[in-house]
file start30.cif (mmCIF, C-alpha atoms)
data_structure
loop_
_atom_site.label_atom_id
_atom_site.label_comp_id
_atom_site.auth_asym_id
_atom_site.auth_seq_id
_atom_site.Cartn_x
_atom_site.Cartn_y
_atom_site.Cartn_z
CA MET I 234 67.12 139.23 118.03
CA ARG I 235 67.33 136.72 120.86
CA ARG I 236 69.61 133.88 121.81
CA LEU I 237 68.18 130.37 121.94
CA ALA I 238 69.63 127.13 123.26
CA PHE I 239 67.75 123.90 122.73
CA ALA I 240 68.30 120.19 122.41
CA ALA I 241 67.32 117.15 124.43
CA VAL I 242 68.65 116.26 127.87
CA GLY I 243 72.40 116.57 128.12
CA VAL I 244 73.34 119.01 125.35
CA ALA I 245 72.75 122.67 124.60
CA VAL I 246 72.93 124.10 121.09
CA SER I 247 73.42 127.87 120.91
CA LEU I 248 71.28 129.54 118.27
CA THR I 249 70.23 132.99 117.15
CA LEU I 250 66.51 133.48 116.68
CA SER I 251 65.10 136.27 114.54
CA GLY I 252 62.12 136.99 112.31
CA PRO I 253 58.46 136.12 112.90
CA ALA I 254 57.36 133.54 115.43
CA PHE I 255 55.84 131.41 112.66
CA THR I 256 56.39 131.48 108.93
CA ALA I 257 54.94 128.54 107.03
CA THR I 258 57.45 127.02 104.63
CA ALA I 259 54.96 124.66 103.05
CA ASP I 260 51.25 124.14 102.63
CA PRO I 261 50.11 124.78 106.22
CA THR I 262 47.70 121.86 106.19
CA PRO I 263 49.36 119.03 104.25
CA SER I 264 47.73 115.63 104.25
CA PRO I 265 48.77 113.44 107.17
CA ALA I 266 50.71 110.28 106.56
CA ALA I 267 48.45 107.65 105.06
CA PRO I 268 47.98 104.40 106.97
CA ARG I 269 50.41 101.83 105.63
CA ALA I 270 49.68 98.22 104.90
CA SER I 271 49.77 95.93 107.90
CA SER I 272 53.22 94.49 108.50
CA ALA I 273 54.51 91.07 109.34
CA ALA I 274 55.64 92.17 112.78
CA SER I 275 55.34 89.38 115.32
CA VAL I 276 55.97 88.64 118.96
CA ASP I 277 59.34 87.08 119.69
CA LYS I 278 58.66 86.60 123.42
CA ILE I 279 56.96 88.18 126.40
CA VAL I 280 58.69 88.36 129.76
CA LYS I 281 56.50 89.06 132.78
CA ILE I 282 58.48 91.32 135.11
CA THR I 283 55.69 91.70 137.68
CA PRO I 284 51.99 90.80 137.53
CA THR I 285 51.32 94.27 136.06
CA ARG I 286 54.51 94.92 134.08
CA SER I 287 55.75 93.00 131.06
CA ALA I 288 58.53 93.25 128.50
CA ILE I 289 57.39 92.32 125.02
CA PHE I 290 60.01 91.67 122.33
CA VAL I 291 58.73 92.37 118.82
CA ASN I 292 60.21 91.16 115.55
CA SER I 293 60.13 94.37 113.54
CA PRO I 294 60.57 94.11 109.76
CA ALA I 295 60.89 97.89 109.54
CA MET I 296 63.69 98.06 112.11
CA ASN I 297 65.20 94.75 110.95
CA ARG I 298 65.65 93.63 114.54
CA VAL I 299 63.85 92.60 117.71
CA VAL I 300 62.66 95.69 119.60
CA GLN I 301 61.83 95.61 123.30
CA VAL I 302 58.79 97.46 124.59
CA GLN I 303 57.77 97.48 128.23
CA VAL I 304 54.09 97.64 129.08
CA LEU I 305 52.49 98.64 132.37
CA HIS I 306 49.09 96.98 132.41
CA PRO I 307 46.30 96.39 134.90
CA ALA I 308 45.61 92.89 136.14
CA GLY I 309 42.83 91.02 134.42
CA GLY I 310 41.69 90.85 130.82
CA ALA I 311 39.21 93.72 130.61
CA ALA I 312 39.55 95.87 127.50
CA ARG I 313 41.36 99.18 128.07
CA PRO I 314 42.99 102.05 126.14
CA SER I 315 46.73 102.56 125.69
CA LEU I 316 49.05 105.48 126.38
CA TYR I 317 52.29 105.49 124.39
CA LEU I 318 54.97 107.27 126.44
CA LEU I 319 58.14 108.37 124.64
CA ASP I 320 61.58 109.10 126.06
CA GLY I 321 64.18 111.86 125.81
CA VAL I 322 67.40 111.86 123.83
CA SER I 323 69.12 109.06 125.75
CA ALA I 324 66.10 106.77 125.45
CA GLY I 325 67.14 104.36 128.19
CA ALA I 326 70.78 104.17 127.12
CA GLU I 327 71.82 104.67 130.75
CA SER I 328 70.57 101.12 131.41
CA ASP I 329 71.96 99.53 128.23
CA PHE I 330 68.47 99.63 126.72
CA ARG I 331 66.97 97.35 129.34
CA GLU I 332 64.19 99.80 130.16
CA SER I 333 62.79 103.26 129.48
CA THR I 334 64.18 106.29 131.26
CA TRP I 335 60.60 106.92 132.45
CA THR I 336 60.78 103.84 134.67
CA GLN I 337 64.28 104.72 135.88
CA LYS I 338 63.77 108.39 136.68
CA THR I 339 60.10 108.71 137.68
CA ASP I 340 57.39 106.97 139.69
CA VAL I 341 55.45 106.09 136.54
CA VAL I 342 55.09 102.45 137.63
CA GLN I 343 53.49 103.40 140.93
CA PHE I 344 51.39 106.18 139.42
CA PHE I 345 49.69 103.90 136.90
CA ALA I 346 49.37 100.90 139.22
CA ASP I 347 45.67 101.56 139.90
CA LYS I 348 44.68 102.89 136.47
CA LYS I 349 42.83 100.94 133.79
CA VAL I 350 45.21 101.74 130.96
CA ASN I 351 48.15 100.16 129.18
CA VAL I 352 51.27 102.34 129.33
CA VAL I 353 53.49 101.47 126.38
CA LEU I 354 57.18 102.32 126.88
CA PRO I 355 59.48 101.75 123.87
CA VAL I 356 63.01 100.85 124.88
CA GLY I 357 65.72 102.43 122.73
CA GLY I 358 65.61 105.12 120.08
CA THR I 359 68.52 107.26 121.22
CA ALA I 360 68.51 110.60 119.35
CA SER I 361 66.10 109.14 116.79
CA TYR I 362 63.16 111.54 117.24
CA TYR I 363 61.05 108.38 116.92
CA THR I 364 60.82 108.96 113.18
CA ASP I 365 61.61 107.05 110.00
CA TRP I 366 65.10 108.04 108.87
CA HIS I 367 65.98 108.34 105.22
CA LEU I 368 69.14 106.26 105.66
CA PRO I 369 70.71 103.89 108.18
CA ASP I 370 73.19 105.68 110.41
CA PRO I 371 76.67 104.28 111.13
CA THR I 372 76.31 105.14 114.82
CA LEU I 373 72.57 105.07 115.52
CA GLY I 374 71.70 102.22 113.17
CA VAL I 375 68.36 101.65 111.42
CA ASN I 376 65.65 104.00 112.67
CA LYS I 377 62.16 103.31 111.40
CA TRP I 378 60.40 104.23 114.61
CA GLU I 379 57.34 105.81 113.05
CA THR I 380 56.55 102.65 111.13
CA PHE I 381 57.20 100.56 114.22
CA LEU I 382 55.13 102.71 116.60
CA ALA I 383 52.25 103.59 114.29
CA ASP I 384 51.90 100.45 112.16
CA GLU I 385 53.65 97.42 113.63
CA LEU I 386 53.19 97.81 117.38
CA PRO I 387 49.55 98.91 118.01
CA PRO I 388 47.84 95.71 116.78
CA ILE I 389 50.27 93.65 118.85
CA ILE I 390 49.61 95.71 121.98
CA ASP I 391 45.86 95.43 121.45
CA ALA I 392 46.05 91.67 120.90
CA GLN I 393 48.44 90.85 123.75
CA PHE I 394 47.29 93.38 126.38
CA SER I 395 43.55 93.74 125.77
CA GLY I 396 43.84 97.11 124.04
CA ASN I 397 40.55 98.54 122.83
CA GLY I 398 41.99 100.60 119.96
CA THR I 399 41.81 103.93 121.79
CA ASN I 400 45.25 105.54 122.09
CA ALA I 401 47.04 108.67 123.27
CA VAL I 402 50.72 109.59 122.95
CA ALA I 403 53.00 111.65 125.18
CA GLY I 404 56.69 112.43 125.30
CA VAL I 405 59.40 114.47 126.92
CA SER I 406 62.01 116.70 125.22
CA MET I 407 63.02 114.83 122.03
CA GLY I 408 60.09 112.51 122.65
CA ALA I 409 57.73 115.49 122.78
CA MET I 410 58.55 116.23 119.14
CA GLY I 411 58.27 112.52 118.35
CA ALA I 412 54.85 112.31 120.01
CA ALA I 413 53.58 115.43 118.24
CA ASN I 414 54.72 114.11 114.87
CA LEU I 415 53.05 110.77 115.46
CA MET I 416 49.85 112.59 116.38
CA THR I 417 49.82 115.00 113.45
CA ARG I 418 50.88 112.37 110.91
CA HIS I 419 48.50 109.68 112.21
CA PRO I 420 45.49 111.50 113.64
CA HIS I 421 43.35 108.41 113.06
CA LEU I 422 45.42 106.54 115.64
CA TYR I 423 45.54 108.91 118.63
CA ARG I 424 42.94 110.92 120.51
CA GLY I 425 45.25 112.78 122.86
CA LEU I 426 48.72 114.34 122.99
CA ALA I 427 50.88 115.52 125.88
CA ALA I 428 54.25 117.16 125.21
CA TYR I 429 56.58 118.13 128.05
CA SER I 430 59.48 120.56 127.49
CA GLY I 431 59.63 120.02 123.76
CA CYS I 432 60.27 122.18 120.69
CA LEU I 433 57.34 121.37 118.41
CA ASP I 434 58.64 123.46 115.55
CA ASN I 435 60.86 122.82 112.55
CA THR I 436 59.79 125.99 110.75
CA GLN I 437 62.64 128.28 111.76
CA PRO I 438 66.20 127.44 110.63
CA THR I 439 67.30 127.77 114.24
CA SER I 440 64.80 125.11 115.31
CA ARG I 441 66.17 122.78 112.66
CA ASP I 442 69.68 123.43 113.93
CA SER I 443 68.58 122.35 117.40
CA VAL I 444 67.27 119.07 115.98
CA ARG I 445 70.55 118.51 114.18
CA GLY I 446 72.47 119.30 117.36
CA THR I 447 70.48 116.74 119.32
CA VAL I 448 71.22 114.00 116.79
CA ALA I 449 74.89 114.94 116.55
CA PHE I 450 75.23 114.96 120.35
CA LYS I 451 74.76 111.18 120.30
CA GLY I 452 77.10 110.69 117.34
CA GLY I 453 74.47 110.50 114.60
CA ASN I 454 74.57 112.19 111.21
CA PRO I 455 71.51 114.50 111.02
CA ALA I 456 71.49 114.30 107.21
CA ASN I 457 70.54 110.64 107.52
CA MET I 458 67.27 111.58 109.23
CA TRP I 459 65.34 114.15 107.17
CA GLY I 460 68.06 115.24 104.76
CA PRO I 461 69.11 118.83 103.95
CA ASP I 462 66.99 121.91 104.56
CA PHE I 463 65.27 121.78 101.17
CA ASP I 464 64.08 118.19 101.74
CA PRO I 465 60.25 118.21 102.10
CA ALA I 466 60.60 115.77 104.99
CA TRP I 467 61.31 118.71 107.32
CA ALA I 468 57.90 120.25 106.67
CA ALA I 469 56.24 116.85 106.73
CA HIS I 470 57.63 116.35 110.26
CA ASP I 471 56.81 119.82 111.60
CA PRO I 472 53.97 119.84 114.16
CA THR I 473 53.69 123.61 113.79
CA VAL I 474 53.05 123.37 110.05
CA ASN I 475 50.80 120.34 110.44
CA ALA I 476 48.89 121.56 113.50
CA GLU I 477 45.51 121.38 111.76
CA ALA I 478 45.59 117.63 112.44
CA LEU I 479 45.17 118.41 116.15
CA ARG I 480 41.68 119.78 115.68
CA GLY I 481 39.24 117.82 117.81
CA LYS I 482 42.02 116.19 119.87
CA GLN I 483 42.85 116.58 123.56
CA VAL I 484 46.19 118.43 123.76
CA TYR I 485 48.39 119.31 126.75
CA ILE I 486 51.68 121.21 126.31
CA SER I 487 53.91 122.30 129.20
CA THR I 488 57.27 123.91 129.87
CA GLY I 489 59.25 125.59 132.60
CA ASN I 490 61.27 128.76 132.02
CA GLY I 491 64.78 127.62 132.94
CA LEU I 492 64.98 129.36 136.30
CA PRO I 493 65.92 127.29 139.37
CA GLY I 494 62.88 125.77 141.03
CA PRO I 495 62.16 123.54 144.00
CA TYR I 496 64.10 120.56 142.70
CA GLU I 497 67.24 122.62 142.07
CA MET I 498 67.01 124.04 145.58
CA ALA I 499 66.53 120.66 147.27
CA THR I 500 69.25 119.33 149.54
CA GLY I 501 71.72 117.15 147.67
CA GLY I 502 70.82 118.48 144.22
CA ASP I 503 73.55 119.28 141.69
CA LEU I 504 72.46 122.88 141.39
CA ALA I 505 75.32 124.20 139.25
CA SER I 506 75.26 121.59 136.48
CA THR I 507 71.46 121.41 136.42
CA ILE I 508 71.22 125.15 135.92
CA ALA I 509 74.07 125.28 133.40
CA VAL I 510 72.53 122.64 131.14
CA GLY I 511 68.89 122.26 132.14
CA GLY I 512 68.24 125.98 132.45
CA PRO I 513 69.10 127.01 128.87
CA LEU I 514 67.38 123.94 127.44
CA GLU I 515 64.15 124.70 129.25
CA ALA I 516 64.29 128.39 128.35
CA ALA I 517 64.51 127.32 124.71
CA ALA I 518 61.62 124.91 125.11
CA ASN I 519 59.61 127.78 126.59
CA LEU I 520 60.19 129.92 123.48
CA CYS I 521 59.26 127.06 121.16
CA THR I 522 56.11 126.43 123.17
CA GLN I 523 55.06 130.05 122.77
CA THR I 524 55.50 129.73 119.00
CA PHE I 525 53.40 126.59 118.97
CA GLN I 526 50.68 128.20 121.05
CA GLN I 527 50.54 131.13 118.63
CA ARG I 528 50.02 128.68 115.80
CA LEU I 529 47.17 126.85 117.57
CA ASN I 530 45.59 130.17 118.54
CA ALA I 531 45.70 131.30 114.91
CA LEU I 532 43.93 128.09 113.89
CA ALA I 533 41.44 128.36 116.80
CA ILE I 534 42.41 124.89 118.01
CA PRO I 535 41.82 124.50 121.77
CA ALA I 536 44.66 123.14 123.88
CA THR I 537 45.95 123.27 127.44
CA PHE I 538 49.24 125.19 127.76
CA VAL I 539 51.06 125.26 131.10
CA TYR I 540 53.99 127.62 131.69
CA ARG I 541 55.65 126.98 135.04
CA ASN I 542 57.21 130.05 136.68
CA SER I 543 60.42 128.10 137.36
CA GLY I 544 62.00 124.77 136.51
CA THR I 545 64.75 123.33 134.36
CA HIS I 546 64.94 120.58 131.74
CA SER I 547 64.95 117.67 134.17
CA TRP I 548 63.04 114.57 135.17
CA PRO I 549 61.50 115.65 138.50
CA TYR I 550 59.47 118.30 136.67
CA TRP I 551 58.37 115.82 133.99
CA GLN I 552 57.17 113.42 136.65
CA ASP I 553 55.02 116.25 138.00
CA GLU I 554 53.80 117.15 134.51
CA LEU I 555 52.72 113.62 133.73
CA ARG I 556 50.52 113.72 136.81
CA THR I 557 49.18 117.20 135.98
CA SER I 558 48.39 116.21 132.41
CA TRP I 559 46.68 112.97 133.36
CA PRO I 560 43.13 114.44 133.46
CA VAL I 561 43.55 115.60 129.85
CA LEU I 562 44.97 112.25 128.74
CA ARG I 563 42.36 110.36 130.74
CA GLY I 564 39.63 112.31 128.97
CA ALA I 565 41.14 111.53 125.59
CA LEU I 566 41.31 107.84 126.48
CA GLY I 567 37.73 107.75 127.70
CA ILE I 568 38.43 106.53 131.24
#
call {"tool": "encode", "arguments": {"input": "start30.cif", "output": "structure tokens"}}
result
Amino acid sequence: MRRLAFAAVGVAVSLTLSGPAFTATADPTPSPAAPRASSAASVDKIVKITPTRSAIFVNSPAMNRVVQVQVLHPAGGAARPSLYLLDGVSAGAESDFRESTWTQKTDVVQFFADKKVNVVLPVGGTASYYTDWHLPDPTLGVNKWETFLADELPPIIDAQFSGNGTNAVAGVSMGAMGAANLMTRHPHLYRGLAAYSGCLDNTQPTSRDSVRGTVAFKGGNPANMWGPDFDPAWAAHDPTVNAEALRGKQVYISTGNGLPGPYEMATGGDLASTIAVGGPLEAAANLCTQTFQQRLNALAIPATFVYRNSGTHSWPYWQDELRTSWPVLRGALGI
């Protein structure tokens, strides 16, 4: 028996893990989500922030509101693929939803400045797992992120930013699970997946408890998302159960191990709090990643797994991982 702590950035949920690394609780290869009918989503406005960065505001029928998405895009009108890049638990809340945490905490703008790809950064989605919730939540509101990201947004991105219909999706922590679910539920839409420091497993009760803890940390009611344990939505949103959908895709999964690394040791770093929170979270992500790798190995699905020999659950490491994973994503995108 081993102790496990996992959630997204800023909260640790203490769990007890026992039993096999993977026990399927449903048909191990259920059908992915079927493409839904095209929506009436429309562009409210586009604000050009710089010549290669824009904020597009989308009228979303699913979300029943205008949703901001920021797009990093090359100059010119040549057709190019798109990388959807998902956030962690706070999802930009530190900036009152004016931008993604990726653009606040990393050099993503500079890194993609010379690359022929659209980088699509949803703004908002705190503790939502980027999924369609069963019910509106009194604190977190209406969450129909899967419908928005998989159905409503892609045709708008392609039309407004010269997208060529080739997509990949990546995410960090909570967003890693969100990205993996989008990929396994909509394999027709994405060719590549990168997941950084995520727990891509809802099979074990302890993993489900970590998801609930992440939602509750931001004041949401987890029952409003996928319901109680017996609800089939849990298996339907389990990348470990639905891993067969990754066959033929480009996949990159990475994690640290929770031990202090170069960024914790740097001058001026908040070593104590980073280790106290980020260490246990990353150790838990490491265990979940091992479970997910065992599942892919059993299915003989190739993927790149990277286990760093140090590092906590924090943005400097995810900035590095985005760079390290870029060759895999670039290959998936065909550039």
call {"tool": "resolve_selection", "arguments": {"input": "start30.cif", "expression": "the PyMOL selection byres ((chain I and resi 303-308) around 6)", "output": "PyMOL selection string"}}
result
chain I and resi 285-288+302+309+349+351-354
call {"tool": "atom_distance", "arguments": {"input": "start30.cif", "atom1": "CA of Thr537 in chain I", "atom2": "CA of Glu497 in chain I"}}
result
25.8 Å
call {"tool": "resolve_selection", "arguments": {"input": "start30.cif", "expression": "the PyMOL selection byres ((chain I and resi 332-344) around 9)", "output": "VMD selection string"}}
result
chain I and resid 286 288 301 to 303 305 318 to 321 323 to 331 345 to 348 354 to 357 548 to 549 551 to 552 555 to 556
call {"tool": "resolve_selection", "arguments": {"input": "start30.cif", "expression": "the PyMOL selection byres ((chain I and resi 422) around 8)", "output": "mmCIF file with C-alpha atoms, in the frame of the given file"}}
result
data_model
loop_
_atom_site.group_PDB
_atom_site.id
_atom_site.type_symbol
_atom_site.label_atom_id
_atom_site.label_comp_id
_atom_site.auth_asym_id
_atom_site.auth_seq_id
_atom_site.Cartn_x
_atom_site.Cartn_y
_atom_site.Cartn_z
ATOM 1 C CA ALA I 383 52.250 103.590 114.290
ATOM 2 C CA THR I 399 41.810 103.930 121.790
ATOM 3 C CA ASN I 400 45.250 105.540 122.090
ATOM 4 C CA MET I 416 49.850 112.590 116.380
ATOM 5 C CA HIS I 419 48.500 109.680 112.210
ATOM 6 C CA PRO I 420 45.490 111.500 113.640
ATOM 7 C CA HIS I 421 43.350 108.410 113.060
ATOM 8 C CA TYR I 423 45.540 108.910 118.630
ATOM 9 C CA ARG I 424 42.940 110.920 120.510
#
call {"tool": "atom_distance", "arguments": {"input": "start30.cif", "atom1": "CA of Asn542 in chain I", "atom2": "CA of Asn519 in chain I"}}
result
10.6 Å
call {"tool": "closest_residue", "arguments": {"input": "start30.cif", "among": "I:His367, I:Ile390, I:Ser293, I:Val280", "to": "Ala456 in chain I", "atoms": "all atoms listed in the file"}}
result
I:His367
call {"tool": "atom_distance", "arguments": {"input": "start30.cif", "atom1": "CA of Ser275 in chain I", "atom2": "CA of Thr417 in chain I"}}
result
26.3 Å
call {"tool": "closest_residue", "arguments": {"input": "start30.cif", "among": "I:Ala428, I:Leu316, I:Val484, I:Ala466", "to": "Asp391 in chain I", "atoms": "all atoms listed in the file"}}
result
I:Leu316
call {"tool": "residues_around", "arguments": {"input": "start30.cif", "residues": "Met458 in chain I", "least_positions_apart": "4", "cutoff": "10 Å", "atoms": "all atoms listed in the file", "output": "PDB file with C-alpha atoms, in the frame of the given file"}}
result
ATOM      1  CA  SER I 361      66.100 109.140 116.790  1.00  0.00           C
ATOM      2  CA  TYR I 362      63.160 111.540 117.240  1.00  0.00           C
ATOM      3  CA  THR I 364      60.820 108.960 113.180  1.00  0.00           C
ATOM      4  CA  ASP I 365      61.610 107.050 110.000  1.00  0.00           C
ATOM      5  CA  TRP I 366      65.100 108.040 108.870  1.00  0.00           C
ATOM      6  CA  HIS I 367      65.980 108.340 105.220  1.00  0.00           C
ATOM      7  CA  LEU I 368      69.140 106.260 105.660  1.00  0.00           C
ATOM      8  CA  PRO I 369      70.710 103.890 108.180  1.00  0.00           C
ATOM      9  CA  ASP I 370      73.190 105.680 110.410  1.00  0.00           C
ATOM     10  CA  ASN I 376      65.650 104.000 112.670  1.00  0.00           C
ATOM     11  CA  LYS I 377      62.160 103.310 111.400  1.00  0.00           C
ATOM     12  CA  ARG I 445      70.550 118.510 114.180  1.00  0.00           C
ATOM     13  CA  VAL I 448      71.220 114.000 116.790  1.00  0.00           C
ATOM     14  CA  GLY I 453      74.470 110.500 114.600  1.00  0.00           C
ATOM     15  CA  ASN I 454      74.570 112.190 111.210  1.00  0.00           C
ATOM     16  CA  ALA I 466      60.600 115.770 104.990  1.00  0.00           C
ATOM     17  CA  TRP I 467      61.310 118.710 107.320  1.00  0.00           C
TER      18      TRP I 467
END
call {"tool": "closest_residue", "arguments": {"input": "start30.cif", "among": "I:Gly452, I:Gly512, I:Gly446, I:Gly425", "to": "Trp559 in chain I", "atoms": "only C-alpha atoms"}}
result
I:Gly425
call {"tool": "closest_residue", "arguments": {"input": "start30.cif", "among": "I:Val539, I:Leu514, I:Leu415, I:Leu426", "to": "Glu554 in chain I", "atoms": "all atoms listed in the file"}}
result
I:Val539
call {"tool": "residues_around", "arguments": {"input": "start30.cif", "residues": "Thr545 in chain I", "least_positions_apart": "4", "cutoff": "7 Å", "atoms": "all atoms listed in the file", "output": "PyMOL selection string"}}
result
chain I and resi 489-493+508+511-512+515
call {"tool": "closest_residue", "arguments": {"input": "start30.cif", "among": "I:Ala499, I:Val405, I:Ala360, I:Ile289", "to": "His546 in chain I", "atoms": "only C-alpha atoms"}}
result
I:Val405
